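*Asks:* The file below is work05.txt, compact mmCIF, C-alpha atoms:
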```txt
# COMPACT_ATOMS: atom_id res chain seq x y z
CA MET A 334 -108.16 75.98 -116.02
CA LYS A 335 -108.75 77.92 -112.83
CA ALA A 336 -106.85 75.48 -110.59
CA LEU A 337 -103.72 75.88 -112.72
CA GLU A 338 -103.92 79.68 -112.58
CA GLU A 339 -104.20 79.48 -108.81
CA LYS A 340 -101.24 77.11 -108.63
CA ILE A 341 -99.12 79.45 -110.77
CA LEU A 342 -100.02 82.35 -108.48
CA ALA A 343 -99.19 80.30 -105.38
CA GLU A 344 -96.00 78.59 -106.52
CA GLY A 345 -94.69 80.29 -109.68
CA GLN A 346 -91.71 82.62 -109.60
CA VAL A 347 -90.85 85.21 -112.25
CA TYR A 348 -87.20 85.58 -113.25
CA PRO A 349 -85.48 88.00 -115.63
CA GLY A 350 -85.67 87.02 -119.29
CA ASN A 351 -89.41 86.24 -119.26
CA ILE A 352 -88.83 83.07 -117.26
CA LEU A 353 -91.77 81.75 -115.25
CA LYS A 354 -90.38 79.11 -112.94
CA VAL A 355 -92.88 76.42 -112.00
CA SER A 356 -90.36 73.76 -111.09
CA SER A 357 -92.25 72.92 -107.88
CA PHE A 358 -94.99 71.15 -109.84
CA LEU A 359 -94.42 71.08 -113.61
CA ASN A 360 -90.86 70.70 -114.76
CA HIS A 361 -88.42 69.55 -112.11
CA GLN A 362 -90.64 68.40 -109.30
CA LEU A 363 -93.94 67.04 -110.60
CA ASP A 364 -97.16 67.27 -108.59
CA VAL A 365 -98.49 64.11 -110.17
CA ASP A 366 -102.02 64.25 -108.73
CA PHE A 367 -102.32 67.78 -110.16
CA LEU A 368 -100.65 66.71 -113.40
CA MET A 369 -103.26 63.98 -113.84
CA SER A 370 -106.01 66.56 -113.44
CA MET A 371 -104.37 68.64 -116.20
CA GLY A 372 -104.22 65.53 -118.36
CA GLU A 373 -107.91 64.90 -117.74
CA GLU A 374 -108.71 68.47 -118.79
CA ILE A 375 -106.73 68.09 -122.04
CA ALA A 376 -108.64 64.85 -122.75
CA ARG A 377 -111.91 66.73 -122.16
CA LEU A 378 -110.93 69.59 -124.50
CA TYR A 379 -110.07 67.14 -127.30
CA ALA A 380 -112.88 64.64 -126.64
CA ASP A 381 -114.58 65.75 -129.88
CA THR A 382 -111.48 65.16 -131.99
CA GLU A 383 -110.03 61.98 -133.46
CA ILE A 384 -106.51 61.49 -132.06
CA ASP A 385 -104.30 58.49 -132.87
CA LYS A 386 -101.20 59.54 -131.01
CA ILE A 387 -99.70 62.26 -128.83
CA LEU A 388 -96.38 63.83 -129.79
CA THR A 389 -94.30 65.71 -127.24
CA ILE A 390 -90.66 66.59 -126.67
CA GLU A 391 -88.25 65.54 -123.95
CA ALA A 392 -87.87 66.14 -121.09
CA SER A 393 -90.53 68.27 -119.47
CA GLY A 394 -93.25 67.55 -122.05
CA ILE A 395 -93.25 63.86 -121.19
CA ALA A 396 -95.06 64.07 -117.86
CA ILE A 397 -98.06 66.07 -119.06
CA ALA A 398 -98.27 64.04 -122.28
CA VAL A 399 -98.40 60.82 -120.23
CA ALA A 400 -101.09 62.33 -117.98
CA ALA A 401 -103.26 63.23 -120.98
CA ALA A 402 -102.66 59.86 -122.65
CA ALA A 403 -103.74 58.04 -119.49
CA TYR A 404 -107.20 59.54 -120.06
CA MET A 405 -107.18 59.42 -123.88
CA HIS A 406 -105.80 55.86 -124.15
CA VAL A 407 -103.44 56.62 -127.02
CA PRO A 408 -99.66 56.17 -127.21
CA VAL A 409 -97.20 59.01 -126.69
CA VAL A 410 -94.11 59.57 -128.82
CA PHE A 411 -91.53 61.90 -127.37
CA ALA A 412 -89.16 63.65 -129.73
CA LYS A 413 -85.54 63.57 -128.64
CA LYS A 414 -83.14 66.45 -128.65
CA ASN A 415 -80.01 64.51 -129.50
CA LYS A 416 -79.33 61.60 -131.76
CA THR A 417 -78.57 58.74 -129.38
CA THR A 418 -76.87 55.46 -130.19
CA ASN A 419 -80.14 53.65 -129.40
CA ILE A 420 -81.90 55.06 -132.45
CA LEU A 421 -80.25 53.29 -135.30
CA ALA A 422 -82.86 53.62 -138.02
CA ASP A 423 -83.89 56.62 -140.03
CA VAL A 424 -85.34 59.60 -138.22
CA TYR A 425 -87.43 62.64 -139.01
CA SER A 426 -85.66 65.77 -137.80
CA SER A 427 -86.21 69.48 -137.55
CA LYS A 428 -84.06 72.33 -136.29
CA VAL A 429 -85.29 74.22 -133.22
CA GLU A 430 -83.96 77.33 -131.54
CA SER A 431 -84.51 77.28 -127.78
CA TYR A 432 -85.64 80.59 -126.36
CA THR A 433 -84.94 79.64 -122.72
CA HIS A 434 -81.60 77.95 -123.23
CA LYS A 435 -80.33 80.07 -126.15
CA GLU A 436 -79.23 77.12 -128.22
CA VAL A 437 -80.06 75.41 -131.49
CA TYR A 438 -80.78 71.70 -131.51
CA GLN A 439 -82.34 69.03 -133.70
CA VAL A 440 -85.57 67.40 -132.62
CA ILE A 441 -85.72 63.87 -133.91
CA VAL A 442 -88.34 61.14 -134.08
CA SER A 443 -87.68 57.66 -135.37
CA LYS A 444 -89.57 56.91 -138.58
CA GLU A 445 -90.80 53.74 -136.87
CA HIS A 446 -93.07 55.73 -134.59
CA LEU A 447 -94.86 58.24 -136.85
CA HIS A 448 -96.79 57.18 -139.92
CA LYS A 449 -98.69 58.56 -142.87
CA GLY A 450 -102.29 59.41 -142.12
CA GLU A 451 -101.92 59.49 -138.33
CA LYS A 452 -103.88 62.14 -136.47
CA ILE A 453 -101.58 63.77 -133.95
CA LEU A 454 -102.14 65.89 -130.84
CA ILE A 455 -99.00 67.82 -129.87
CA ILE A 456 -98.57 68.46 -126.13
CA ASP A 457 -95.95 70.50 -124.30
CA ASP A 458 -95.57 72.13 -120.92
CA PHE A 459 -94.80 75.66 -122.18
CA LEU A 460 -95.54 77.72 -125.28
CA ALA A 461 -93.66 80.99 -125.74
CA ILE A 462 -92.35 81.81 -129.23
CA GLY A 463 -93.51 78.44 -130.52
CA ASN A 464 -90.21 77.25 -131.95
CA ALA A 465 -90.39 73.77 -130.45
CA LEU A 466 -94.00 73.38 -131.61
CA ASN A 467 -93.10 74.41 -135.13
CA GLY A 468 -90.38 71.77 -135.14
CA LEU A 469 -92.82 69.11 -133.95
CA MET A 470 -95.46 70.12 -136.54
CA ASP A 471 -92.76 70.04 -139.21
CA ILE A 472 -91.97 66.45 -138.18
CA VAL A 473 -95.65 65.44 -138.27
CA GLY A 474 -95.82 66.87 -141.79
CA GLN A 475 -92.68 65.01 -142.88
CA ALA A 476 -94.29 61.78 -141.69
CA GLY A 477 -97.45 62.51 -143.69
CA GLY A 478 -99.56 62.88 -140.56
CA THR A 479 -101.98 65.61 -139.54
CA THR A 480 -101.64 67.88 -136.52
CA GLN A 481 -105.15 67.89 -135.11
CA GLY A 482 -104.26 70.43 -132.48
CA VAL A 483 -101.91 71.51 -129.75
CA ALA A 484 -102.40 71.33 -125.98
CA ILE A 485 -100.19 73.35 -123.64
CA ALA A 486 -100.06 73.66 -119.88
CA ILE A 487 -98.84 77.27 -119.72
CA GLU A 488 -98.82 79.64 -122.68
CA LYS A 489 -96.90 82.88 -122.35
CA GLY A 490 -99.43 84.86 -124.40
CA PHE A 491 -97.33 88.01 -124.46
CA GLN A 492 -94.64 86.23 -126.46
CA GLY A 493 -97.04 85.69 -129.35
CA GLY A 494 -96.32 82.12 -130.39
CA GLY A 495 -99.78 80.79 -129.54
CA ASP A 496 -101.69 83.56 -131.31
CA ALA A 497 -99.51 83.24 -134.42
CA LEU A 498 -100.37 79.55 -134.57
CA ARG A 499 -104.08 80.25 -134.05
CA LYS A 500 -104.00 82.83 -136.87
CA SER A 501 -102.45 80.23 -139.16
CA GLY A 502 -105.38 77.92 -138.42
CA VAL A 503 -103.87 75.60 -135.82
CA ARG A 504 -106.10 74.70 -132.87
CA VAL A 505 -104.20 75.65 -129.70
CA GLU A 506 -105.67 74.89 -126.27
CA SER A 507 -103.70 76.24 -123.32
CA LEU A 508 -104.75 75.43 -119.77
CA ALA A 509 -103.49 78.84 -118.66
CA ILE A 510 -102.44 81.84 -120.74
CA VAL A 511 -100.20 84.39 -119.04
CA ASP A 512 -100.81 87.78 -120.65
CA SER A 513 -98.34 89.69 -118.54
CA MET A 514 -95.99 89.05 -115.68
CA THR A 515 -93.70 90.99 -113.40
CA ASP A 516 -91.90 90.18 -110.16
CA SER A 517 -95.03 90.94 -108.23
CA SER A 518 -97.92 89.96 -110.47
CA VAL A 519 -98.98 87.40 -113.07
CA LYS A 520 -102.06 88.23 -115.16
CA PHE A 521 -104.05 85.63 -117.07
CA ARG A 522 -106.09 85.91 -120.25
CA GLN A 523 -109.81 85.33 -119.82
CA GLN A 524 -110.72 82.10 -121.71
CA MET B 768 -94.36 40.96 -114.23
CA LYS B 769 -95.40 38.41 -116.81
CA ALA B 770 -97.09 40.93 -119.12
CA LEU B 771 -93.85 42.93 -119.37
CA GLU B 772 -91.80 39.81 -120.19
CA GLU B 773 -94.29 38.99 -122.94
CA LYS B 774 -94.13 42.53 -124.28
CA ILE B 775 -90.31 42.42 -124.37
CA LEU B 776 -90.45 39.13 -126.26
CA ALA B 777 -92.99 40.53 -128.71
CA GLU B 778 -91.54 43.99 -129.31
CA GLY B 779 -87.97 44.12 -127.98
CA GLN B 780 -84.98 44.03 -130.30
CA VAL B 781 -81.43 43.10 -129.30
CA TYR B 782 -78.58 45.17 -130.74
CA PRO B 783 -74.80 44.84 -130.42
CA GLY B 784 -73.35 46.28 -127.22
CA ASN B 785 -75.93 44.68 -124.90
CA ILE B 786 -78.63 47.06 -126.10
CA LEU B 787 -82.22 45.92 -125.67
CA LYS B 788 -84.33 48.29 -127.70
CA VAL B 789 -87.87 48.71 -126.38
CA SER B 790 -88.54 52.06 -127.98
CA SER B 791 -91.95 50.91 -129.21
CA PHE B 792 -93.38 51.11 -125.69
CA LEU B 793 -90.91 52.31 -123.06
CA ASN B 794 -88.45 54.96 -124.17
CA HIS B 795 -89.31 56.71 -127.39
CA GLN B 796 -92.87 55.69 -128.04
CA LEU B 797 -94.77 55.09 -124.79
CA ASP B 798 -97.60 52.59 -124.53
CA VAL B 799 -99.28 54.61 -121.82
CA ASP B 800 -102.02 52.12 -120.91
CA PHE B 801 -99.30 49.51 -120.40
CA LEU B 802 -97.10 52.03 -118.61
CA MET B 803 -99.90 52.73 -116.14
CA SER B 804 -100.16 49.01 -115.41
CA MET B 805 -96.41 48.94 -114.66
CA GLY B 806 -96.89 51.94 -112.38
CA GLU B 807 -99.70 50.13 -110.57
CA GLU B 808 -97.44 47.11 -110.07
CA ILE B 809 -94.65 49.29 -108.60
CA ALA B 810 -97.20 50.84 -106.22
CA ARG B 811 -98.29 47.32 -105.19
CA LEU B 812 -94.69 46.20 -104.57
CA TYR B 813 -94.01 49.21 -102.34
CA ALA B 814 -97.44 49.38 -100.68
CA ASP B 815 -95.86 48.22 -97.38
CA THR B 816 -93.23 50.97 -97.40
CA GLU B 817 -93.42 54.60 -96.43
CA ILE B 818 -92.55 56.74 -99.46
CA ASP B 819 -92.60 60.56 -99.46
CA LYS B 820 -91.32 61.16 -102.95
CA ILE B 821 -90.16 59.44 -106.12
CA LEU B 822 -86.81 60.38 -107.66
CA THR B 823 -86.04 59.56 -111.29
CA ILE B 824 -83.81 60.89 -114.06
CA GLU B 825 -84.67 62.52 -117.36
CA ALA B 826 -85.75 61.66 -119.94
CA SER B 827 -86.95 58.08 -120.12
CA GLY B 828 -87.38 57.59 -116.38
CA ILE B 829 -90.05 60.30 -116.21
CA ALA B 830 -92.90 58.34 -117.81
CA ILE B 831 -92.70 55.29 -115.55
CA ALA B 832 -92.12 57.46 -112.47
CA VAL B 833 -95.29 59.44 -113.28
CA ALA B 834 -97.23 56.20 -113.81
CA ALA B 835 -96.17 54.88 -110.39
CA ALA B 836 -96.83 58.23 -108.70
CA ALA B 837 -100.36 58.32 -110.14
CA TYR B 838 -101.08 55.24 -107.98
CA MET B 839 -98.90 56.19 -105.00
CA HIS B 840 -100.07 59.83 -104.82
CA VAL B 841 -96.63 61.25 -104.12
CA PRO B 842 -94.65 63.87 -106.06
CA VAL B 843 -91.90 62.99 -108.54
CA VAL B 844 -88.59 64.81 -108.81
CA PHE B 845 -86.63 64.18 -111.96
CA ALA B 846 -82.90 64.73 -111.89
CA LYS B 847 -81.55 66.68 -114.83
CA LYS B 848 -78.51 65.83 -116.87
CA ASN B 849 -77.40 69.36 -117.63
CA LYS B 850 -77.37 72.54 -115.65
CA THR B 851 -80.01 74.72 -117.29
CA THR B 852 -80.46 78.44 -116.92
CA ASN B 853 -83.82 77.77 -115.25
CA ILE B 854 -82.25 76.30 -112.13
CA LEU B 855 -80.66 79.26 -110.47
CA ALA B 856 -80.41 78.06 -106.92
CA ASP B 857 -78.07 75.55 -105.38
CA VAL B 858 -78.17 71.99 -106.59
CA TYR B 859 -77.10 68.57 -105.43
CA SER B 860 -74.99 66.90 -108.10
CA SER B 861 -73.26 63.63 -108.79
CA LYS B 862 -71.12 62.39 -111.66
CA VAL B 863 -72.51 59.51 -113.75
CA GLU B 864 -70.92 57.50 -116.53
CA SER B 865 -73.46 56.39 -119.13
CA TYR B 866 -72.99 52.84 -120.33
CA THR B 867 -75.26 53.19 -123.36
CA HIS B 868 -74.09 56.58 -124.53
CA LYS B 869 -70.43 56.34 -123.48
CA GLU B 870 -70.36 59.73 -121.85
CA VAL B 871 -69.89 61.29 -118.43
CA TYR B 872 -72.46 63.76 -117.18
CA GLN B 873 -73.61 65.40 -113.96
CA VAL B 874 -77.01 64.55 -112.56
CA ILE B 875 -78.41 67.50 -110.69
CA VAL B 876 -81.38 68.12 -108.42
CA SER B 877 -82.29 71.51 -107.05
CA LYS B 878 -81.91 71.71 -103.27
CA GLU B 879 -85.47 73.06 -103.18
CA HIS B 880 -86.91 69.67 -104.07
CA LEU B 881 -85.12 67.17 -101.81
CA HIS B 882 -85.03 67.53 -98.05
CA LYS B 883 -83.57 65.99 -94.93
CA GLY B 884 -85.52 63.05 -93.60
CA GLU B 885 -87.49 62.37 -96.80
CA LYS B 886 -88.11 58.75 -97.70
CA ILE B 887 -87.35 58.27 -101.37
CA LEU B 888 -88.23 55.62 -103.93
CA ILE B 889 -85.91 55.75 -106.94
CA ILE B 890 -87.47 54.68 -110.25
CA ASP B 891 -85.88 54.22 -113.66
CA ASP B 892 -86.69 52.43 -116.90
CA PHE B 893 -83.45 50.42 -117.12
CA LEU B 894 -80.86 49.06 -114.73
CA ALA B 895 -77.61 47.69 -116.18
CA ILE B 896 -74.36 48.59 -114.41
CA GLY B 897 -76.23 50.81 -111.99
CA ASN B 898 -74.25 54.01 -112.54
CA ALA B 899 -77.27 56.28 -112.83
CA LEU B 900 -78.82 54.71 -109.72
CA ASN B 901 -75.65 55.21 -107.73
CA GLY B 902 -75.66 58.86 -108.73
CA LEU B 903 -79.28 59.24 -107.63
CA MET B 904 -78.66 57.48 -104.30
CA ASP B 905 -75.64 59.72 -103.77
CA ILE B 906 -77.90 62.75 -104.25
CA VAL B 907 -80.51 61.40 -101.81
CA GLY B 908 -77.71 60.95 -99.28
CA GLN B 909 -76.40 64.49 -99.85
CA ALA B 910 -79.89 65.80 -99.12
CA GLY B 911 -80.07 63.81 -95.87
CA GLY B 912 -82.87 61.59 -97.17
CA THR B 913 -83.22 57.82 -97.16
CA THR B 914 -83.45 55.60 -100.22
CA GLN B 915 -86.28 53.22 -99.27
CA GLY B 916 -85.81 51.19 -102.40
CA VAL B 917 -85.46 51.13 -106.14
CA ALA B 918 -88.03 50.16 -108.78
CA ILE B 919 -86.98 49.37 -112.33
CA ALA B 920 -88.92 48.37 -115.42
CA ILE B 921 -86.22 46.24 -117.06
CA GLU B 922 -83.07 45.05 -115.27
CA LYS B 923 -80.30 43.58 -117.37
CA GLY B 924 -79.37 41.01 -114.74
CA PHE B 925 -76.30 39.79 -116.60
CA GLN B 926 -74.66 43.21 -116.21
CA GLY B 927 -74.63 42.84 -112.43
CA GLY B 928 -75.72 46.28 -111.25
CA GLY B 929 -78.94 45.09 -109.60
CA ASP B 930 -77.36 42.20 -107.73
CA ALA B 931 -74.51 44.40 -106.50
CA LEU B 932 -77.07 46.81 -105.06
CA ARG B 933 -79.04 43.96 -103.45
CA LYS B 934 -75.82 42.62 -101.87
CA SER B 935 -75.14 46.05 -100.42
CA GLY B 936 -78.57 45.99 -98.76
CA VAL B 937 -80.61 48.12 -101.16
CA ARG B 938 -84.10 46.85 -101.97
CA VAL B 939 -84.34 46.54 -105.76
CA GLU B 940 -87.61 45.53 -107.41
CA SER B 941 -87.43 44.98 -111.16
CA LEU B 942 -90.58 44.23 -113.14
CA ALA B 943 -88.51 42.06 -115.50
CA ILE B 944 -84.95 40.79 -115.15
CA VAL B 945 -83.19 39.74 -118.35
CA ASP B 946 -80.62 37.10 -117.49
CA SER B 947 -79.33 36.60 -121.01
CA MET B 948 -80.06 37.87 -124.46
CA THR B 949 -78.96 37.18 -128.01
CA ASP B 950 -80.31 38.18 -131.43
CA SER B 951 -82.75 35.29 -131.27
CA SER B 952 -83.65 34.86 -127.61
CA VAL B 953 -84.23 36.79 -124.41
CA LYS B 954 -84.25 34.80 -121.16
CA PHE B 955 -85.76 36.08 -117.92
CA ARG B 956 -84.90 35.38 -114.31
CA GLN B 957 -87.57 33.54 -112.35
CA GLN B 958 -88.88 35.92 -109.64
```
What would the structure in this file look like if it were written as structure tokens?
*Replies:*
Amino acid sequence: MKALEEKILAEGQVYPGNILKVSSFLNHQLDVDFLMSMGEEIARLYADTEIDKILTIEASGIAIAVAAAAYMHVPVVFAKKNKTTNILADVYSSKVESYTHKEVYQVIVSKEHLHKGEKILIIDDFLAIGNALNGLMDIVGQAGGTTQGVAIAIEKGFQGGGDALRKSGVRVESLAIVDSMTDSSVKFRQQ
Amino acid sequence: MKALEEKILAEGQVYPGNILKVSSFLNHQLDVDFLMSMGEEIARLYADTEIDKILTIEASGIAIAVAAAAYMHVPVVFAKKNKTTNILADVYSSKVESYTHKEVYQVIVSKEHLHKGEKILIIDDFLAIGNALNGLMDIVGQAGGTTQGVAIAIEKGFQGGGDALRKSGVRVESLAIVDSMTDSSVKFRQQ
């Protein structure tokens, strides 16, 4: 998505540790008009595919998942990172190691909100190693659903998670794939 | 908002500790078509008011804030509950005591995303005691902005936070106000 690449070039900042900071529009401040256009593009990419529900993960996946769902007219379920007192019933859970935050956490989804046979699109803002995605796909499998595909705003291609998923047969659509980045330049993969 | 009251009656569940669980459509699973209609209603309520930016708090405030922003065409900033390694610069912060989760946390917003003179609408999914809202208003004040008003999906009127804010002169618009609730009935305030 050309407009996203241009926005990353204009507003993104590269920090040590392979961090691409896009908090001006994607994960602290949200440029909602732009976000809706990303959601529309995800809906276009998956227009040929049957999707019952979108699964994402709190917090920064929620906004782009809502934007896509507004065009796809399906519900969103967001996985939580901590067991809260509001979720009393049984949950599906999977262990995830966070690359950015260097921590291990459980992703959980209430069994009330994922069901056998459901066709799921997984959406997230970033894809690097793919640990969070693997946790979400694990949960879809536990529920007896099918992951129809994955949609990502920004894939850090050089970290390999997206290509590993593609090799294993998962459909991964990323609106922008960063193939390399330094302080002074961000290069995108031709799609 | 009549449709929200009907949805709460149809799908909400009351749990001990004044918990109204609406995780089927508002804060675990999201009924995005319905969420967009709530966003449209918030935009209608504040159509007469100058708003530069929406401020909300992760995680469950994000969805309704995005829905409102899609109609109001302003950016959203979501306050974070933990200092992450991605926010390197200075932040505004305020201490909040969570009623539901019985914990104290800091809400933080990067100084890059709130500025002097900005007119802010604060949006959240729930209003009970009002602790999170007070933290967000504190942050708006630290930044030198003005809180133009507050928009809430579900206010638990019997917990007093909304009325205390109204008495202090803050404009609070809640799409539904629950005045009492038991296992078998939920009663709404006439608006």
*Asks:* So that I can see what lies close to Lys386 of chain A, please list as a PyMOL selection string the residues with an atom at most 9 Å from it, counting all atoms listed in the file and leaving out residues fewer than 5 positions away in the same chain.
*Replies:* chain A and resi 402+407-410+447+451-455
*Asks:* Do you know which residues are at most 8 Å from Glu864 of chain B counting all atoms listed in the file, after dropping those on the same chain fewer than 3 positions away, and could you put them as an mmCIF file with C-alpha atoms, in the coordinates of the input?
*Replies:*
```
data_model
loop_
_atom_site.group_PDB
_atom_site.id
_atom_site.type_symbol
_atom_site.label_atom_id
_atom_site.label_comp_id
_atom_site.auth_asym_id
_atom_site.auth_seq_id
_atom_site.Cartn_x
_atom_site.Cartn_y
_atom_site.Cartn_z
ATOM 1 C CA LYS B 869 -70.430 56.340 -123.480
ATOM 2 C CA GLU B 870 -70.360 59.730 -121.850
ATOM 3 C CA VAL B 871 -69.890 61.290 -118.430
ATOM 4 C CA TYR B 872 -72.460 63.760 -117.180
ATOM 5 C CA ASN B 898 -74.250 54.010 -112.540
ATOM 6 C CA ALA B 899 -77.270 56.280 -112.830
#
```
*Asks:* Please identify every residue of chain A that has at least one atom no more than 6 Å from any atom of chain B, counting all atoms listed in the file, and report them as a list in words.
*Replies:*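 Contact residues on the first chain: His361, Gln362, Leu363, Asp364, Val365, Ala392, Pro408, Val409, Val410 and Phe411 of chain A.
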*Asks:* Please produce a file of the residues just selected, as a PDB file, in the frame of the given file, where the atoms kept are C-alpha atoms.
*Replies:*
```pdb
ATOM      1  CA  HIS A 361     -88.420  69.550-112.110  1.00  0.00           C
ATOM      2  CA  GLN A 362     -90.640  68.400-109.300  1.00  0.00           C
ATOM      3  CA  LEU A 363     -93.940  67.040-110.600  1.00  0.00           C
ATOM      4  CA  ASP A 364     -97.160  67.270-108.590  1.00  0.00           C
ATOM      5  CA  VAL A 365     -98.490  64.110-110.170  1.00  0.00           C
ATOM      6  CA  ALA A 392     -87.870  66.140-121.090  1.00  0.00           C
ATOM      7  CA  PRO A 408     -99.660  56.170-127.210  1.00  0.00           C
ATOM      8  CA  VAL A 409     -97.200  59.010-126.690  1.00  0.00           C
ATOM      9  CA  VAL A 410     -94.110  59.570-128.820  1.00  0.00           C
ATOM     10  CA  PHE A 411     -91.530  61.900-127.370  1.00  0.00           C
TER      11      PHE A 411
END
```
*Asks:* Taking (-95.9, 67.5, -143.1) in the file's coordinates as the center, which residues reach within 12 Å of it, counting all atoms listed in the file, put as an mmCIF file with C-alpha atoms, in the frame of the given file?
*Replies:*
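Once everything was written out, this is out35.cif:
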```cif
data_model
loop_
_atom_site.group_PDB
_atom_site.id
_atom_site.type_symbol
_atom_site.label_atom_id
_atom_site.label_comp_id
_atom_site.auth_asym_id
_atom_site.auth_seq_id
_atom_site.Cartn_x
_atom_site.Cartn_y
_atom_site.Cartn_z
ATOM 1 C CA TYR A 425 -87.430 62.640 -139.010
ATOM 2 C CA SER A 426 -85.660 65.770 -137.800
ATOM 3 C CA SER A 427 -86.210 69.480 -137.550
ATOM 4 C CA LEU A 447 -94.860 58.240 -136.850
ATOM 5 C CA HIS A 448 -96.790 57.180 -139.920
ATOM 6 C CA LYS A 449 -98.690 58.560 -142.870
ATOM 7 C CA GLY A 450 -102.290 59.410 -142.120
ATOM 8 C CA GLU A 451 -101.920 59.490 -138.330
ATOM 9 C CA LYS A 452 -103.880 62.140 -136.470
ATOM 10 C CA ILE A 453 -101.580 63.770 -133.950
ATOM 11 C CA ASN A 467 -93.100 74.410 -135.130
ATOM 12 C CA GLY A 468 -90.380 71.770 -135.140
ATOM 13 C CA LEU A 469 -92.820 69.110 -133.950
ATOM 14 C CA MET A 470 -95.460 70.120 -136.540
ATOM 15 C CA ASP A 471 -92.760 70.040 -139.210
ATOM 16 C CA ILE A 472 -91.970 66.450 -138.180
ATOM 17 C CA VAL A 473 -95.650 65.440 -138.270
ATOM 18 C CA GLY A 474 -95.820 66.870 -141.790
ATOM 19 C CA GLN A 475 -92.680 65.010 -142.880
ATOM 20 C CA ALA A 476 -94.290 61.780 -141.690
ATOM 21 C CA GLY A 477 -97.450 62.510 -143.690
ATOM 22 C CA GLY A 478 -99.560 62.880 -140.560
ATOM 23 C CA THR A 479 -101.980 65.610 -139.540
ATOM 24 C CA THR A 480 -101.640 67.880 -136.520
#
```
*Asks:* Skipping near chain neighbours, those fewer than 3 positions away, what residues fall within 12 Å of Lys335 of chain A using only C-alpha atoms, listed as a CSV table (one decimal) with C-alpha atoms, in the coordinates of the input?
*Replies:*
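result-v8.csv written:
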```csv
chain,number,residue,atom,x,y,z
A,338,GLU,CA,-103.9,79.7,-112.6
A,339,GLU,CA,-104.2,79.5,-108.8
A,340,LYS,CA,-101.2,77.1,-108.6
A,341,ILE,CA,-99.1,79.4,-110.8
A,342,LEU,CA,-100.0,82.4,-108.5
A,370,SER,CA,-106.0,66.6,-113.4
A,371,MET,CA,-104.4,68.6,-116.2
A,374,GLU,CA,-108.7,68.5,-118.8
A,486,ALA,CA,-100.1,73.7,-119.9
A,507,SER,CA,-103.7,76.2,-123.3
A,508,LEU,CA,-104.8,75.4,-119.8
A,509,ALA,CA,-103.5,78.8,-118.7
A,510,ILE,CA,-102.4,81.8,-120.7
A,521,PHE,CA,-104.0,85.6,-117.1
A,522,ARG,CA,-106.1,85.9,-120.2
A,523,GLN,CA,-109.8,85.3,-119.8
A,524,GLN,CA,-110.7,82.1,-121.7
```
*Asks:* Report, in Å with one decimal, the straight-line distance from atom CA of Pro783 of chain B to atom CA of Ile919 of chain B.
*Replies:*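 One can read the atom CA of Pro783 of chain B to atom CA of Ile919 of chain B distance as 22.3 Å.
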*Asks:* Just the number, please: distance in Å from atom CA of Gly784 of chain B to atom CA of Ala895 of chain B, one decimal.
*Replies:*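 Between atom CA of Gly784 of chain B and atom CA of Ala895 of chain B the gap works out to 11.9 Å.
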*Asks:* Which residue gives the smallest distance to Leu900 of chain B among B:Leu771, B:Leu932, B:Val953, B:Ala777, with all atoms listed in the file counted?
*Replies:*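 Nearest to Leu900 of chain B: B:Leu932.
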*Asks:* Please indicate the distance in Å from atom CA of Val858 of chain B to atom CA of Gln873 of chain B, rounded to one decimal place.
*Replies:* 10.9 Å
*Asks:* Let me have the centre and edge lengths in Å, one decimal, of the box along x, y and z around every listed atom of segment 774-790 of chain B with 6 Å of margin on each side, as AutoDock Vina command-line options.
*Replies:*
```
--center_x -83.7 --center_y 45.6 --center_z -127.5 --size_x 32.8 --size_y 24.9 --size_z 18.5
```
*Asks:* Nearest residue to Arg504 of chain A out of A:Ile456, A:Met334, A:Val347, A:Ile462, using only C-alpha atoms?
*Replies:* A:Ile456
